[in-house]
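Below is one structure, written out as C-alpha coordinates; comments come after it.
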Amino acid sequence: MARLNSKAVVSAVVLAAVVLMMAGREATALSCGQVDSKLAPCVSYVTGKAPSISKECCSGVQGLNGLARSSPDRKIACRCLKSLATSIKSINMDKVSGVPGKCGVSVPFPISMSTNCN
(Lines give C-alpha, C1' and ligand atoms only; values in the text may rest on other atoms or scores of the structure.)
Protein backbone atom coordinates (compact mmCIF):
# COMPACT_ATOMS: atom_id res chain seq x y z
CA MET A 1 0.00 0.00 0.00
CA ALA A 2 1.37 3.40 -0.94
CA ARG A 3 2.02 5.95 1.79
CA LEU A 4 0.03 9.13 1.49
CA ASN A 5 1.80 12.43 1.84
CA SER A 6 0.06 14.14 4.77
CA LYS A 7 0.53 17.62 3.27
CA ALA A 8 -1.09 16.47 0.02
CA VAL A 9 -4.03 14.97 1.92
CA VAL A 10 -4.52 18.15 3.98
CA SER A 11 -4.29 20.29 0.84
CA ALA A 12 -6.85 18.11 -0.94
CA VAL A 13 -9.25 18.30 2.03
CA VAL A 14 -8.89 22.10 2.27
CA LEU A 15 -9.43 22.46 -1.48
CA ALA A 16 -12.53 20.27 -1.33
CA ALA A 17 -13.91 22.32 1.59
CA VAL A 18 -13.35 25.60 -0.29
CA VAL A 19 -15.06 24.23 -3.40
CA LEU A 20 -18.05 23.08 -1.34
CA MET A 21 -18.31 26.44 0.44
CA MET A 22 -18.22 28.32 -2.85
CA ALA A 23 -20.84 26.02 -4.37
CA GLY A 24 -23.07 26.60 -1.36
CA ARG A 25 -22.82 30.37 -1.70
CA GLU A 26 -23.74 30.28 -5.37
CA ALA A 27 -26.66 27.97 -4.71
CA THR A 28 -28.13 30.26 -2.06
CA ALA A 29 -27.76 33.59 -3.89
CA LEU A 30 -31.08 35.03 -5.01
CA SER A 31 -31.44 35.85 -8.71
CA CYS A 32 -33.73 38.16 -10.67
CA GLY A 33 -34.97 35.08 -12.51
CA GLN A 34 -36.24 33.68 -9.22
CA VAL A 35 -37.85 37.01 -8.30
CA ASP A 36 -39.53 37.29 -11.71
CA SER A 37 -40.75 33.71 -11.55
CA LYS A 38 -42.19 34.08 -8.05
CA LEU A 39 -44.01 37.30 -8.93
CA ALA A 40 -45.24 36.44 -12.43
CA PRO A 41 -48.70 35.44 -11.12
CA CYS A 42 -49.10 38.97 -9.71
CA VAL A 43 -48.72 40.80 -13.02
CA SER A 44 -52.39 40.56 -14.00
CA TYR A 45 -53.42 42.15 -10.69
CA VAL A 46 -50.88 45.01 -10.70
CA THR A 47 -51.72 45.89 -14.30
CA GLY A 48 -55.47 45.98 -13.64
CA LYS A 49 -56.29 42.91 -15.72
CA ALA A 50 -57.46 40.95 -12.65
CA PRO A 51 -59.78 42.43 -10.02
CA SER A 52 -58.09 40.70 -7.10
CA ILE A 53 -54.88 39.03 -6.05
CA SER A 54 -54.69 35.34 -6.87
CA LYS A 55 -53.63 32.60 -4.47
CA GLU A 56 -50.72 31.93 -6.82
CA CYS A 57 -49.57 35.54 -6.50
CA CYS A 58 -49.61 35.37 -2.70
CA SER A 59 -47.86 32.02 -2.79
CA GLY A 60 -45.13 33.59 -4.92
CA VAL A 61 -44.82 36.63 -2.64
CA GLN A 62 -44.57 34.38 0.41
CA GLY A 63 -42.05 32.15 -1.35
CA LEU A 64 -39.93 35.13 -2.32
CA ASN A 65 -40.05 36.40 1.24
CA GLY A 66 -38.76 33.01 2.37
CA LEU A 67 -35.91 33.11 -0.14
CA ALA A 68 -34.83 36.67 0.65
CA ARG A 69 -33.87 36.31 4.31
CA SER A 70 -30.38 37.80 4.36
CA SER A 71 -29.61 41.48 3.88
CA PRO A 72 -27.73 40.83 0.59
CA ASP A 73 -30.66 38.81 -0.74
CA ARG A 74 -33.13 41.56 0.27
CA LYS A 75 -31.00 44.09 -1.63
CA ILE A 76 -30.97 41.83 -4.70
CA ALA A 77 -34.74 41.34 -4.43
CA CYS A 78 -35.25 45.11 -4.21
CA ARG A 79 -33.16 45.75 -7.32
CA CYS A 80 -34.90 42.96 -9.20
CA LEU A 81 -38.32 44.29 -8.19
CA LYS A 82 -37.46 47.74 -9.49
CA SER A 83 -36.17 46.29 -12.75
CA LEU A 84 -39.25 44.11 -13.14
CA ALA A 85 -41.57 47.05 -12.45
CA THR A 86 -39.95 49.16 -15.16
CA SER A 87 -40.38 46.35 -17.68
CA ILE A 88 -44.14 45.95 -17.16
CA LYS A 89 -46.41 48.26 -19.13
CA SER A 90 -49.45 49.71 -17.36
CA ILE A 91 -48.17 48.81 -13.90
CA ASN A 92 -50.02 50.43 -11.01
CA MET A 93 -47.44 51.10 -8.29
CA ASP A 94 -50.17 51.72 -5.70
CA LYS A 95 -51.39 48.17 -6.26
CA VAL A 96 -47.82 46.87 -6.26
CA SER A 97 -47.07 48.46 -2.88
CA GLY A 98 -50.15 46.84 -1.36
CA VAL A 99 -49.47 43.29 -2.57
CA PRO A 100 -47.20 42.13 0.30
CA GLY A 101 -49.68 43.25 2.97
CA LYS A 102 -52.61 41.63 1.17
CA CYS A 103 -50.60 38.41 1.11
CA GLY A 104 -49.72 38.59 4.81
CA VAL A 105 -46.06 39.48 4.23
CA SER A 106 -44.21 42.32 5.91
CA VAL A 107 -41.24 43.73 4.00
CA PRO A 108 -38.51 45.86 5.63
CA PHE A 109 -38.57 48.55 2.94
CA PRO A 110 -41.27 50.48 1.09
CA ILE A 111 -42.26 49.13 -2.30
CA SER A 112 -41.59 52.14 -4.48
CA MET A 113 -39.54 53.07 -7.53
CA SER A 114 -37.76 55.64 -5.34
CA THR A 115 -36.65 53.06 -2.75
CA ASN A 116 -32.88 52.97 -2.25
CA CYS A 117 -32.03 49.27 -2.41
CA ASN A 118 -28.73 49.72 -0.60
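In the C-alpha coordinates, chains take the letters A, B, ... in the order shown, each chain's residues start at 1, and ligands count up from 1 in the order shown.
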Using DSSP on the backbone coordinates, identify the residues of segment 25-96 of chain A assigned to helix (DSSP H, G or I); present them as a PDB file with N, CA and C atoms, in the first residue's frame.
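Written out: result_23.pdb:
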```
ATOM      1  N   ARG A  25     -22.515  28.941  -1.577  1.00  0.00           N
ATOM      2  CA  ARG A  25     -22.824  30.369  -1.704  1.00  0.00           C
ATOM      3  C   ARG A  25     -23.554  30.654  -3.005  1.00  0.00           C
ATOM      4  N   GLU A  26     -23.093  30.058  -4.089  1.00  0.00           N
ATOM      5  CA  GLU A  26     -23.741  30.281  -5.371  1.00  0.00           C
ATOM      6  C   GLU A  26     -25.151  29.723  -5.365  1.00  0.00           C
ATOM      7  N   ALA A  27     -25.349  28.606  -4.723  1.00  0.00           N
ATOM      8  CA  ALA A  27     -26.661  27.973  -4.709  1.00  0.00           C
ATOM      9  C   ALA A  27     -27.660  28.778  -3.885  1.00  0.00           C
ATOM     10  N   THR A  28     -27.202  29.531  -2.908  1.00  0.00           N
ATOM     11  CA  THR A  28     -28.133  30.256  -2.057  1.00  0.00           C
ATOM     12  C   THR A  28     -28.361  31.696  -2.500  1.00  0.00           C
ATOM     13  N   CYS A  32     -32.564  37.467 -10.122  1.00  0.00           N
ATOM     14  CA  CYS A  32     -33.727  38.158 -10.671  1.00  0.00           C
ATOM     15  C   CYS A  32     -34.666  37.170 -11.363  1.00  0.00           C
ATOM     16  N   GLY A  33     -34.122  36.108 -11.907  1.00  0.00           N
ATOM     17  CA  GLY A  33     -34.968  35.075 -12.511  1.00  0.00           C
ATOM     18  C   GLY A  33     -35.913  34.466 -11.488  1.00  0.00           C
ATOM     19  N   GLN A  34     -35.401  34.217 -10.277  1.00  0.00           N
ATOM     20  CA  GLN A  34     -36.240  33.679  -9.218  1.00  0.00           C
ATOM     21  C   GLN A  34     -37.307  34.696  -8.806  1.00  0.00           C
ATOM     22  N   VAL A  35     -36.908  35.952  -8.683  1.00  0.00           N
ATOM     23  CA  VAL A  35     -37.854  37.011  -8.300  1.00  0.00           C
ATOM     24  C   VAL A  35     -38.953  37.106  -9.357  1.00  0.00           C
ATOM     25  N   ASP A  36     -38.560  37.184 -10.619  1.00  0.00           N
ATOM     26  CA  ASP A  36     -39.530  37.290 -11.712  1.00  0.00           C
ATOM     27  C   ASP A  36     -40.487  36.103 -11.714  1.00  0.00           C
ATOM     28  N   SER A  37     -39.946  34.923 -11.539  1.00  0.00           N
ATOM     29  CA  SER A  37     -40.750  33.705 -11.547  1.00  0.00           C
ATOM     30  C   SER A  37     -41.757  33.690 -10.398  1.00  0.00           C
ATOM     31  N   LYS A  38     -41.305  34.069  -9.217  1.00  0.00           N
ATOM     32  CA  LYS A  38     -42.188  34.077  -8.050  1.00  0.00           C
ATOM     33  C   LYS A  38     -43.321  35.088  -8.201  1.00  0.00           C
ATOM     34  N   LEU A  39     -43.029  36.230  -8.847  1.00  0.00           N
ATOM     35  CA  LEU A  39     -44.007  37.305  -8.927  1.00  0.00           C
ATOM     36  C   LEU A  39     -44.813  37.334 -10.221  1.00  0.00           C
ATOM     37  N   ALA A  40     -44.507  36.472 -11.159  1.00  0.00           N
ATOM     38  CA  ALA A  40     -45.235  36.443 -12.431  1.00  0.00           C
ATOM     39  C   ALA A  40     -46.754  36.328 -12.246  1.00  0.00           C
ATOM     40  N   PRO A  41     -47.244  35.527 -11.294  1.00  0.00           N
ATOM     41  CA  PRO A  41     -48.702  35.442 -11.124  1.00  0.00           C
ATOM     42  C   PRO A  41     -49.356  36.741 -10.631  1.00  0.00           C
ATOM     43  N   CYS A  42     -48.562  37.710 -10.218  1.00  0.00           N
ATOM     44  CA  CYS A  42     -49.105  38.974  -9.708  1.00  0.00           C
ATOM     45  C   CYS A  42     -49.302  40.018 -10.801  1.00  0.00           C
ATOM     46  N   VAL A  43     -48.715  39.790 -11.965  1.00  0.00           N
ATOM     47  CA  VAL A  43     -48.721  40.802 -13.024  1.00  0.00           C
ATOM     48  C   VAL A  43     -50.141  41.187 -13.433  1.00  0.00           C
ATOM     49  N   SER A  44     -51.025  40.228 -13.560  1.00  0.00           N
ATOM     50  CA  SER A  44     -52.389  40.561 -13.997  1.00  0.00           C
ATOM     51  C   SER A  44     -53.089  41.471 -12.985  1.00  0.00           C
ATOM     52  N   TYR A  45     -52.817  41.291 -11.710  1.00  0.00           N
ATOM     53  CA  TYR A  45     -53.422  42.152 -10.691  1.00  0.00           C
ATOM     54  C   TYR A  45     -52.835  43.561 -10.726  1.00  0.00           C
ATOM     55  N   VAL A  46     -51.515  43.683 -10.772  1.00  0.00           N
ATOM     56  CA  VAL A  46     -50.881  45.012 -10.696  1.00  0.00           C
ATOM     57  C   VAL A  46     -51.014  45.814 -11.986  1.00  0.00           C
ATOM     58  N   LYS A  55     -54.343  33.425  -5.453  1.00  0.00           N
ATOM     59  CA  LYS A  55     -53.626  32.604  -4.467  1.00  0.00           C
ATOM     60  C   LYS A  55     -52.200  32.341  -4.946  1.00  0.00           C
ATOM     61  N   GLU A  56     -52.037  32.182  -6.253  1.00  0.00           N
ATOM     62  CA  GLU A  56     -50.717  31.932  -6.824  1.00  0.00           C
ATOM     63  C   GLU A  56     -49.793  33.130  -6.620  1.00  0.00           C
ATOM     64  N   CYS A  57     -50.357  34.325  -6.742  1.00  0.00           N
ATOM     65  CA  CYS A  57     -49.569  35.544  -6.504  1.00  0.00           C
ATOM     66  C   CYS A  57     -49.077  35.554  -5.060  1.00  0.00           C
ATOM     67  N   CYS A  58     -50.002  35.351  -4.120  1.00  0.00           N
ATOM     68  CA  CYS A  58     -49.609  35.373  -2.704  1.00  0.00           C
ATOM     69  C   CYS A  58     -48.627  34.262  -2.376  1.00  0.00           C
ATOM     70  N   SER A  59     -48.807  33.115  -2.999  1.00  0.00           N
ATOM     71  CA  SER A  59     -47.862  32.016  -2.789  1.00  0.00           C
ATOM     72  C   SER A  59     -46.473  32.430  -3.266  1.00  0.00           C
ATOM     73  N   GLY A  60     -46.406  33.112  -4.402  1.00  0.00           N
ATOM     74  CA  GLY A  60     -45.131  33.589  -4.918  1.00  0.00           C
ATOM     75  C   GLY A  60     -44.502  34.646  -4.028  1.00  0.00           C
ATOM     76  N   VAL A  61     -45.315  35.578  -3.540  1.00  0.00           N
ATOM     77  CA  VAL A  61     -44.821  36.628  -2.639  1.00  0.00           C
ATOM     78  C   VAL A  61     -44.279  36.002  -1.354  1.00  0.00           C
ATOM     79  N   GLN A  62     -45.017  35.055  -0.811  1.00  0.00           N
ATOM     80  CA  GLN A  62     -44.565  34.377   0.414  1.00  0.00           C
ATOM     81  C   GLN A  62     -43.305  33.557   0.161  1.00  0.00           C
ATOM     82  N   GLY A  63     -43.246  32.913  -1.003  1.00  0.00           N
ATOM     83  CA  GLY A  63     -42.052  32.148  -1.352  1.00  0.00           C
ATOM     84  C   GLY A  63     -40.832  33.037  -1.515  1.00  0.00           C
ATOM     85  N   LEU A  64     -41.029  34.188  -2.159  1.00  0.00           N
ATOM     86  CA  LEU A  64     -39.925  35.134  -2.322  1.00  0.00           C
ATOM     87  C   LEU A  64     -39.467  35.655  -0.969  1.00  0.00           C
ATOM     88  N   ASN A  65     -40.407  35.938  -0.098  1.00  0.00           N
ATOM     89  CA  ASN A  65     -40.052  36.397   1.244  1.00  0.00           C
ATOM     90  C   ASN A  65     -39.211  35.343   1.966  1.00  0.00           C
ATOM     91  N   GLY A  66     -39.530  34.091   1.766  1.00  0.00           N
ATOM     92  CA  GLY A  66     -38.762  33.008   2.372  1.00  0.00           C
ATOM     93  C   GLY A  66     -37.367  32.878   1.791  1.00  0.00           C
ATOM     94  N   LEU A  67     -37.224  33.195   0.510  1.00  0.00           N
ATOM     95  CA  LEU A  67     -35.908  33.114  -0.138  1.00  0.00           C
ATOM     96  C   LEU A  67     -35.011  34.288   0.220  1.00  0.00           C
ATOM     97  N   SER A  71     -29.665  40.107   4.370  1.00  0.00           N
ATOM     98  CA  SER A  71     -29.607  41.483   3.882  1.00  0.00           C
ATOM     99  C   SER A  71     -29.158  41.551   2.420  1.00  0.00           C
ATOM    100  N   PRO A  72     -28.118  40.804   2.013  1.00  0.00           N
ATOM    101  CA  PRO A  72     -27.733  40.834   0.594  1.00  0.00           C
ATOM    102  C   PRO A  72     -28.848  40.349  -0.332  1.00  0.00           C
ATOM    103  N   ASP A  73     -29.570  39.309   0.081  1.00  0.00           N
ATOM    104  CA  ASP A  73     -30.662  38.807  -0.744  1.00  0.00           C
ATOM    105  C   ASP A  73     -31.805  39.810  -0.818  1.00  0.00           C
ATOM    106  N   ARG A  74     -32.079  40.517   0.272  1.00  0.00           N
ATOM    107  CA  ARG A  74     -33.128  41.556   0.268  1.00  0.00           C
ATOM    108  C   ARG A  74     -32.737  42.682  -0.693  1.00  0.00           C
ATOM    109  N   LYS A  75     -31.458  43.038  -0.711  1.00  0.00           N
ATOM    110  CA  LYS A  75     -31.000  44.087  -1.632  1.00  0.00           C
ATOM    111  C   LYS A  75     -31.164  43.632  -3.075  1.00  0.00           C
ATOM    112  N   ILE A  76     -30.806  42.380  -3.350  1.00  0.00           N
ATOM    113  CA  ILE A  76     -30.970  41.831  -4.695  1.00  0.00           C
ATOM    114  C   ILE A  76     -32.444  41.834  -5.072  1.00  0.00           C
ATOM    115  N   ALA A  77     -33.299  41.379  -4.159  1.00  0.00           N
ATOM    116  CA  ALA A  77     -34.735  41.338  -4.433  1.00  0.00           C
ATOM    117  C   ALA A  77     -35.263  42.733  -4.745  1.00  0.00           C
ATOM    118  N   CYS A  78     -34.831  43.725  -3.989  1.00  0.00           N
ATOM    119  CA  CYS A  78     -35.249  45.105  -4.209  1.00  0.00           C
ATOM    120  C   CYS A  78     -34.864  45.569  -5.612  1.00  0.00           C
ATOM    121  N   ARG A  79     -33.623  45.336  -5.986  1.00  0.00           N
ATOM    122  CA  ARG A  79     -33.160  45.749  -7.321  1.00  0.00           C
ATOM    123  C   ARG A  79     -33.928  45.021  -8.424  1.00  0.00           C
ATOM    124  N   CYS A  80     -34.165  43.748  -8.210  1.00  0.00           N
ATOM    125  CA  CYS A  80     -34.904  42.961  -9.196  1.00  0.00           C
ATOM    126  C   CYS A  80     -36.342  43.452  -9.312  1.00  0.00           C
ATOM    127  N   LEU A  81     -36.954  43.778  -8.179  1.00  0.00           N
ATOM    128  CA  LEU A  81     -38.323  44.286  -8.191  1.00  0.00           C
ATOM    129  C   LEU A  81     -38.419  45.590  -8.976  1.00  0.00           C
ATOM    130  N   LYS A  82     -37.456  46.467  -8.758  1.00  0.00           N
ATOM    131  CA  LYS A  82     -37.460  47.739  -9.490  1.00  0.00           C
ATOM    132  C   LYS A  82     -37.274  47.510 -10.989  1.00  0.00           C
ATOM    133  N   SER A  83     -36.400  46.609 -11.341  1.00  0.00           N
ATOM    134  CA  SER A  83     -36.166  46.290 -12.750  1.00  0.00           C
ATOM    135  C   SER A  83     -37.415  45.674 -13.369  1.00  0.00           C
ATOM    136  N   LEU A  84     -38.034  44.754 -12.647  1.00  0.00           N
ATOM    137  CA  LEU A  84     -39.252  44.111 -13.135  1.00  0.00           C
ATOM    138  C   LEU A  84     -40.357  45.142 -13.331  1.00  0.00           C
ATOM    139  N   ALA A  85     -40.508  46.038 -12.376  1.00  0.00           N
ATOM    140  CA  ALA A  85     -41.568  47.052 -12.448  1.00  0.00           C
ATOM    141  C   ALA A  85     -41.397  47.952 -13.667  1.00  0.00           C
ATOM    142  N   THR A  86     -40.162  48.297 -13.996  1.00  0.00           N
ATOM    143  CA  THR A  86     -39.947  49.164 -15.159  1.00  0.00           C
ATOM    144  C   THR A  86     -40.209  48.439 -16.478  1.00  0.00           C
ATOM    145  N   SER A  87     -40.181  47.118 -16.445  1.00  0.00           N
ATOM    146  CA  SER A  87     -40.376  46.354 -17.681  1.00  0.00           C
ATOM    147  C   SER A  87     -41.846  46.029 -17.960  1.00  0.00           C
ATOM    148  N   MET A  93     -48.333  51.216  -9.446  1.00  0.00           N
ATOM    149  CA  MET A  93     -47.440  51.099  -8.285  1.00  0.00           C
ATOM    150  C   MET A  93     -48.197  51.135  -6.958  1.00  0.00           C
ATOM    151  N   ASP A  94     -49.370  51.765  -6.926  1.00  0.00           N
ATOM    152  CA  ASP A  94     -50.171  51.722  -5.696  1.00  0.00           C
ATOM    153  C   ASP A  94     -50.607  50.291  -5.402  1.00  0.00           C
ATOM    154  N   LYS A  95     -51.020  49.580  -6.443  1.00  0.00           N
ATOM    155  CA  LYS A  95     -51.392  48.170  -6.256  1.00  0.00           C
ATOM    156  C   LYS A  95     -50.171  47.341  -5.870  1.00  0.00           C
ATOM    157  N   VAL A  96     -49.049  47.611  -6.541  1.00  0.00           N
ATOM    158  CA  VAL A  96     -47.815  46.874  -6.257  1.00  0.00           C
ATOM    159  C   VAL A  96     -47.445  47.013  -4.791  1.00  0.00           C
TER     160      VAL A  96
END
```
Within 8 Å of segment 97-101 of chain A, counting only C-alpha atoms, which residues qualify if same-chain residues fewer than 5 places away don't, as a VMD selection string? chain A and resid 53 58 61 106 to 107 110 to 112
